[in-house]
Amino acid sequence: MEKLLQGHFTYTETGLLDKTHIHFFTYNEIVKMFEDGGYKVEKVKTIVRPISERQEDLIRKLLKVQKGASKFMYEAFQYDICVRMEY
């Protein structure tokens, strides 16, 4: 997140920006994509990695200026999502 906010979106061999990722989604866009496809999101597990105090401070500042965001959205490294088809 910090690198993205600094304007860096460089793919690497491993990690969040590894070369195997096809597309990145925010939490809200993930939910919207499934709902638009006729699915109901039943459960979302947030996968996090340890963050530094500097990153924690950045998250606190972002939450003050960005209404509608939740802390988990900034802490998430990856989401594990369970959905079901709505009939």
# chains A, B, ... in the order shown; residues from 1 in each chain; ligands from 1

call {"tool": "select_by_dssp", "arguments": {"residues": "region 10-77 of chain A", "states": "helix (DSSP H, G or I)", "output": "PyMOL selection string"}}
result
chain A and resi 27-36+53-65+71-75

call {"tool": "select_by_dssp", "arguments": {"residues": "chain A", "states": "strand (DSSP E)", "output": "count of residues only"}}
result
20

call {"tool": "atom_distance", "arguments": {"atom1": "CA of Tyr79 (chain A)", "atom2": "CA of Tyr27 (chain A)"}}
result
7.9 Å
